[in-house]
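Visitor: One structure is given below, represented as structure tokens, and several questions about it will come after.
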Amino acid sequence: MRKFNLSVHELVDFVLHSGDLDTRIFNLETMTRGTQIHAFYQAKQNDKYLAEYALEYTFEYENHLITLQGRVDGVIVNGSEITIEEIKSANTDIDKFFENNEAWHLGQAKCYALMYALRFNLDVIDIQLTYISQIDERKMMKRYTFTREELQSDVFSYFGEYLAFFYQVEKYEKRRTKRLKALNFPYKEVRSSQKVMMEQVEHALEHEHKIFLNAPTGSGKTMAVLYPSLKVLAEKTNTKIFYLTAKGSGKAQAENALRVVREKALVKSTTVSAKEKMCLNDKVACNPDECPYAVNYYGKIRNALLDAFKSDNEYNTEIVTEYAKKHELCPFEFQLDLTLLSDVIIADYNYLFDPFVYLRRFFDSKRGNYIALVDEAHNLPRRVSDNYSLVLDFTPFYSFRKVLKGAEHKKIRRIINRIVKDLDEYKEEIISEYETITEFPHELRSSLDRFLVVGSEYMQEQGNNLAEGFSDFFFDVNKFIKILDLADEDFILYTEIDEARKFFPKFFIKCLSGAKFINEFLKVIDHAIFFSATLAPAPYFKTMLSIDDDIHQIPNPFSREQLLIMVDGSTSLYYKDREQTLSVVAEKIRAAISVKTGNYIVYTPSFMYLENLEQELRNSEDYDLIVQRPSMSDIEKEKYLETFKLSPTKTTLGLAVLGGSFSEGVDLVSDRLSGVIILGVGYPPPSFEKELEKDYFENKLNDGISYAYVYPALNKILQTMGRVIRSEKDYGFILLMDKRYNYSPYRQQLESYDGLVVQVKSAERISHLLARFFLN
């Protein structure tokens with residue numbers, strides 16, 4: 001007989017869940033509040049009440065043995081009378097909540113009631129659905145009585161619906177496993193660096209929880225991590241592979257690699273995109289009053305999933321949107337549901353490492369063997385710190401107080417006025433524009449907690465008439481409070497206020513190190529493979545990623561002779577010297593790009609310097625000048641990069657800002673880019689936040705300047721240097737200008753970089769070296 005293990009939620013949610021998608025009712029705040037209400041209610045019951053009672057029973061259903069398990073909220077024992085209680089709370093009208101969800105909630109209770117009745121041989125058992133309002137704590141109880149036979153009939157019907165879908169999945173999995181087991185490496189050749197990297201990954205997938213790989217550009221990293229992971233999937237059918245990246249280009253590389261695999265094997269993948277990108281509505285508003293795609297989402301999802309599962313194997317943004325329109329579903333939520341049926345999930349870091357948007361479907365309760373492939377891992381420490389760093393800006397209150405007039409707004413206006421009073425009182429104590437604080441104001445915190453309770457009810461009452469920006473501010477407060485409760489010695493709180501004290505102060509939570517959060521999220525992952533071309537400087541990343549072992553270095557796939565690195569340590573790019581050395585810098589740039597007709601990018605320390613340099617380099621017939629501008633759209637960025645053509649007949653010179661959009665994720669292969677010129681060392685300007693970072697690392701590691709300023713700048717330089725050699729056949733040059741390259745750690749890092757490193761001082765020396773380099 002076939003054996004299955006199912007949780008009650010897994011079974012009932014799939015078969016019976018119906019109703020609207022509504023983030024006003026189902027969100028993090030209501031979940032937390034619901035947990036508190038459950039615990040408080042259970043604690044008040046007498047000694048005849050069994051709270052969180054664990055149940056498990058193995059059923060014989062047709063030719064299956066199905067072990068069903070779960071925890072019932074409460075069992076009320078009154079002599080021979082037994083009542084199974086399910087407790088539900090909601091921040092909406094509980095009568096309406098019951099009406100919309102009775103079948104779903106009752107289905108859960110029926111499963112528990114049947115298991116209890118079978119365990120204790122009861123012919124009849126009672127069920128009580130208890131609803132508690134999160135708004136005013138009003139209770140409503142609905143009671144039912146069922147015979148054991150009635151319960152078994154219903155639960156067995158759930159089994160039938162679940163298994164019908166399961167066998168569709170199993171049929172696919174058998175075909176997938178067979179073809180993946182027969183899969184050879186999908187490219188004709190394996191690069192030497194790729195072979196080394198795959199050996200490291202294979203070993204990690206068998207023996208290690210996590211491994212960190214520094215693999216140079218051109219190593220073939222994407223397939224080197226995907227191929228061994230897919231071979232694990234062939235052996236362990238319950239494996240899920242999460243390919244996580246910081247940028248869209250990383251997602252595209254993973255999608256392209258899987259398309260190559262699909263030419264010879266079978267694999268399903270979902271690419272998860274941001275809600276704002278996926279939304280089909282006029283505005284992002286996930287509730288049935290404002291979005292037609294939220295209406296009865298859960299009632300339509302099963303047919304949509306089956307439709308997509310039978311017809312396609314790649315669920316990218318375009319394909320997901322097509323099915324969402326067909327079935328009138330929210331495409332963002334639909335793609336998340338599709339991940340449950342996929343082998344590979346391609347997503348942003350946030351879907352594992354963000355406390356608000358991580359994939360709860362997988363990481364709240366484990367569903368198998370998890371492999372996380374973390375691309376461009378050098379971006380992860382900053383991203384995680386940013387996820388736990390928030391600002392609470394009360395500016396929307398100015399408009400709320402003008403428009404929230406009338407009896408229907410009285411309750412919410414009262415709490416807003418209370419918050420304003422708290423802010424005005426606190427403002428009197430602020431002395432400087434920026435001030436660190438040891439504790440968030442107690443009175444303001446209490447008012448914000450009240451605002452979340454009242455505001456949730458208010459949003460549902462207003463529906464389409466909700467004031468613009470109210471829901472955004474509500475969820476900002478919700479997130480801020482959640483992070484505030486996590487704040488410890490790795491966080492700092494501070495305020496900002498305008499000099500004239502005309503506006504409300506802003507409150508900031510700054511996470512200075514997210515290493516412990518990274519480790520916490522990794523507890524649910526079986527194997528994590530971190531890889532990047534620039535996991536350097538090593539001391540910085542070993543600290544920020546909490547690395548105990550060494551970072552494994554993958555050998556370079558190209559020879560040293562393909563890259564010429566020229567270091568000009570005679571030209572000062574210190575801020576105080578930039579105006580005086582500008583003409584010299586321009587002369588050396590012209591010398592570097594005059595030897596060979598080609599494509600080149602100059603990276604400048606700032607937009608201000610870029611504009612000054614543009615004036616020096618413009619009006620030349622020898623090259624076309626293109627310039628990065630602040631706040632470029634995606635289309636403008638694409639147009640900028642498209643200017644760099646293969647086999648150019650005239651030189652193109654691009655100006656861009658170091659550390660900006662064109663310093664990373666730019667893949668200009670062959671002679672689309674023949675050289676980069678980096679001006680300065682990427683040293684960030686001092687700021688209040690940067691000084692907080694410096695003080696934190698000074699206290700923790702006795703090296704504040706390196707961790708706050710030097711190491712992040714050096715990583716930025718290494719990323720930019722990686723734009724030149726993108727494949728085994730590329731060749732080109734890097735010219736670095738700044739006196740600081742004469743000293744460590746910049747000099748030390750360059751000495752370990754693969755390439756021919758030469759010191760230069762004059763424009764003539766630069767052009768002479770490049771003439772020899774390009775002729776050879």
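By convention here, the chains of the structure tokens are called A, B, ... in the order presented, each chain's residues are numbered starting at 1, and ligands are numbered starting at 1 in the order presented.
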When DSSP works through the backbone of this structure, what residues of range 389-591 of chain A end up as strand (DSSP E), shown as an MDAnalysis selection string?
Guide: chainID A and resid 390:392 434:437 491:496 506:511 527:532 552:553 563:568
Visitor: Go ahead and save the residues from that selection, with N, CA and C atoms, as a CSV table (one decimal), in the first residue's frame.
Guide:
chain,number,residue,atom,x,y,z
A,390,LEU,N,15.1,50.5,8.9
A,390,LEU,CA,13.9,51.2,8.5
A,390,LEU,C,13.8,52.6,9.0
A,391,VAL,N,13.0,53.4,8.3
A,391,VAL,CA,12.7,54.8,8.8
A,391,VAL,C,11.2,54.9,8.9
A,392,LEU,N,10.8,55.6,10.0
A,392,LEU,CA,9.4,55.8,10.2
A,392,LEU,C,9.2,57.4,10.0
A,434,TYR,N,20.6,65.3,13.9
A,434,TYR,CA,20.7,63.8,14.1
A,434,TYR,C,21.1,63.5,15.5
A,435,GLU,N,20.3,62.6,16.1
A,435,GLU,CA,20.6,62.2,17.5
A,435,GLU,C,20.4,60.7,17.7
A,436,THR,N,21.3,60.0,18.3
A,436,THR,CA,21.1,58.6,18.6
A,436,THR,C,20.2,58.5,19.9
A,437,ILE,N,19.4,57.5,20.0
A,437,ILE,CA,18.6,57.3,21.2
A,437,ILE,C,18.7,55.9,21.7
A,491,PHE,N,22.1,46.9,16.5
A,491,PHE,CA,21.3,47.9,15.9
A,491,PHE,C,21.6,49.3,16.6
A,492,ILE,N,21.2,50.3,15.9
A,492,ILE,CA,21.2,51.6,16.6
A,492,ILE,C,20.0,52.4,16.2
A,493,LEU,N,19.4,53.2,17.1
A,493,LEU,CA,18.2,54.0,16.8
A,493,LEU,C,18.7,55.4,16.8
A,494,TYR,N,18.1,56.2,15.9
A,494,TYR,CA,18.4,57.6,15.9
A,494,TYR,C,17.3,58.4,15.3
A,495,THR,N,17.3,59.7,15.5
A,495,THR,CA,16.2,60.6,15.0
A,495,THR,C,16.9,61.6,14.0
A,496,GLU,N,16.0,62.1,13.1
A,496,GLU,CA,16.4,63.2,12.3
A,496,GLU,C,15.3,64.2,12.3
A,506,LYS,N,11.8,62.2,12.2
A,506,LYS,CA,11.9,60.9,11.7
A,506,LYS,C,12.6,59.9,12.6
A,507,PHE,N,12.2,58.7,12.7
A,507,PHE,CA,12.8,57.7,13.6
A,507,PHE,C,13.5,56.6,12.7
A,508,PHE,N,14.7,56.3,13.0
A,508,PHE,CA,15.5,55.4,12.2
A,508,PHE,C,15.9,54.2,13.0
A,509,ILE,N,15.8,53.0,12.4
A,509,ILE,CA,16.4,51.8,13.0
A,509,ILE,C,17.5,51.4,12.0
A,510,LYS,N,18.7,51.3,12.4
A,510,LYS,CA,19.8,50.9,11.6
A,510,LYS,C,20.5,49.6,12.0
A,511,CYS,N,20.4,48.6,11.2
A,511,CYS,CA,21.1,47.3,11.5
A,511,CYS,C,22.5,47.4,11.0
A,527,HIS,N,21.7,22.7,2.5
A,527,HIS,CA,23.0,23.0,1.9
A,527,HIS,C,22.9,24.4,1.3
A,528,ALA,N,23.8,25.3,1.6
A,528,ALA,CA,23.9,26.6,1.1
A,528,ALA,C,25.2,26.8,0.4
A,529,ILE,N,25.1,27.2,-0.9
A,529,ILE,CA,26.3,27.4,-1.7
A,529,ILE,C,26.4,28.9,-2.0
A,530,PHE,N,27.3,29.6,-1.4
A,530,PHE,CA,27.5,31.0,-1.7
A,530,PHE,C,28.6,31.2,-2.7
A,531,PHE,N,28.4,32.0,-3.7
A,531,PHE,CA,29.4,32.2,-4.8
A,531,PHE,C,29.4,33.6,-5.3
A,532,SER,N,30.6,34.0,-5.7
A,532,SER,CA,30.7,35.4,-6.2
A,532,SER,C,32.1,35.5,-6.9
A,552,HIS,N,36.8,29.5,-0.5
A,552,HIS,CA,37.5,28.6,-1.5
A,552,HIS,C,37.7,29.5,-2.7
A,553,GLN,N,38.9,29.5,-3.2
A,553,GLN,CA,39.3,30.2,-4.4
A,553,GLN,C,39.3,29.3,-5.6
A,563,LEU,N,44.8,40.3,-19.5
A,563,LEU,CA,44.4,41.5,-18.8
A,563,LEU,C,45.6,42.3,-18.3
A,564,LEU,N,45.7,43.5,-18.8
A,564,LEU,CA,46.7,44.5,-18.4
A,564,LEU,C,46.2,45.4,-17.3
A,565,ILE,N,46.8,45.5,-16.2
A,565,ILE,CA,46.3,46.4,-15.1
A,565,ILE,C,47.4,47.4,-14.9
A,566,MET,N,47.1,48.7,-15.2
A,566,MET,CA,48.0,49.8,-15.0
A,566,MET,C,47.6,50.6,-13.8
A,567,VAL,N,48.5,50.8,-12.9
A,567,VAL,CA,48.2,51.6,-11.7
A,567,VAL,C,49.0,52.9,-11.7
A,568,ASP,N,48.2,54.0,-11.7
A,568,ASP,CA,48.8,55.3,-11.7
A,568,ASP,C,48.7,55.8,-10.3
Visitor: DSSP says alpha helix (DSSP H) for which residues of range 102-254 of chain A? Put them as a PyMOL selection string?
Guide: chain A and resi 102-119+148-181+192-207+221-235+248-254
Visitor: Using only C-alpha atoms, can you tell me which of A:Thr534, A:Gln335, A:Ser513, A:Ser572 comes closest to Phe697 in chain A?
Guide: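 Closest residue, counting only C-alpha atoms: A:Ser513.
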Visitor: So which residues touch Ile678 in chain A within 9 Å, counting only C-alpha atoms, skipping near sequence neighbours fewer than 2 positions away, as a PyMOL selection string?
Guide: chain A and resi 601-605+658+676+680-682+717+720-721+734-738
Visitor: Within 12 Å of range 754-759 of chain A, counting only C-alpha atoms, which residues show up once you throw out same-chain ones fewer than 5 positions away? Write them as a PyMOL selection string, please.
Guide: chain A and resi 216-217+554-571+718+721-722+724-725+731-739+741-742+747-749+765-766+769-770+773
Visitor: Check the smallest atom-to-atom distance from each of A:Gln128, A:Thr67, A:Asn46, A:Ser546 to Ile82 in chain A using only C-alpha atoms, then report the winner.
Guide: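 Residue with the minimum atom-to-atom distance to Ile82 in chain A: A:Gln128.
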Visitor: Find the residues near His378 in chain A: any atom within 10 Å, counting only C-alpha atoms, skip ones fewer than 6 places away on the same chain, and give them as a list of chain:residue names.
Guide: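 Non-adjacent residues within range: A:Asn214, A:Ala246, A:Phe530, A:Phe531, A:Ser532, A:Ala533, A:Thr534, A:Leu535, A:Ala536, A:Pro537, A:Tyr540, A:Phe541, A:Met544, A:Leu545, A:Pro712, A:Asn715, A:Lys716, A:Gln719.
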Visitor: Can you tell me which residues surround Asp549 in chain A at a distance of at most 10 Å, considering only C-alpha atoms, apart from same-chain residues fewer than 4 positions away, and format the answer as JSON, numbers by chain?
Guide: {"A": [210, 211, 212, 542]}
Visitor: Please identify all polymer residues within 10 Å of Tyr640 in chain A, counting only C-alpha atoms, omitting same-chain residues fewer than 4 positions from it, and present them as JSON, numbers by chain.
Guide: {"A": [626, 627, 628, 632, 634, 635, 636, 644, 654, 662]}
Visitor: Check the smallest atom-to-atom distance from each of A:Ile481, A:Ala294, A:Leu129, A:Ile66 to Gly160 in chain A using only C-alpha atoms, then report the winner.
Guide: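 Residue with the minimum atom-to-atom distance to Gly160 in chain A: A:Ile66.
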Visitor: Which of these residues is nearest to Arg361 in chain A, using only C-alpha atoms: A:Lys264, A:His9, A:Arg176, A:Lys300?
Guide: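 Smallest distance to Arg361 in chain A is found for A:His9.
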Visitor: Measuring atom to atom with only C-alpha atoms, identify which of A:Lys366, A:Lys596, A:Lys588, A:Lys310 is nearest to Val760 in chain A.
Guide: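 Selected residue with least distance to Val760 in chain A: A:Lys588.
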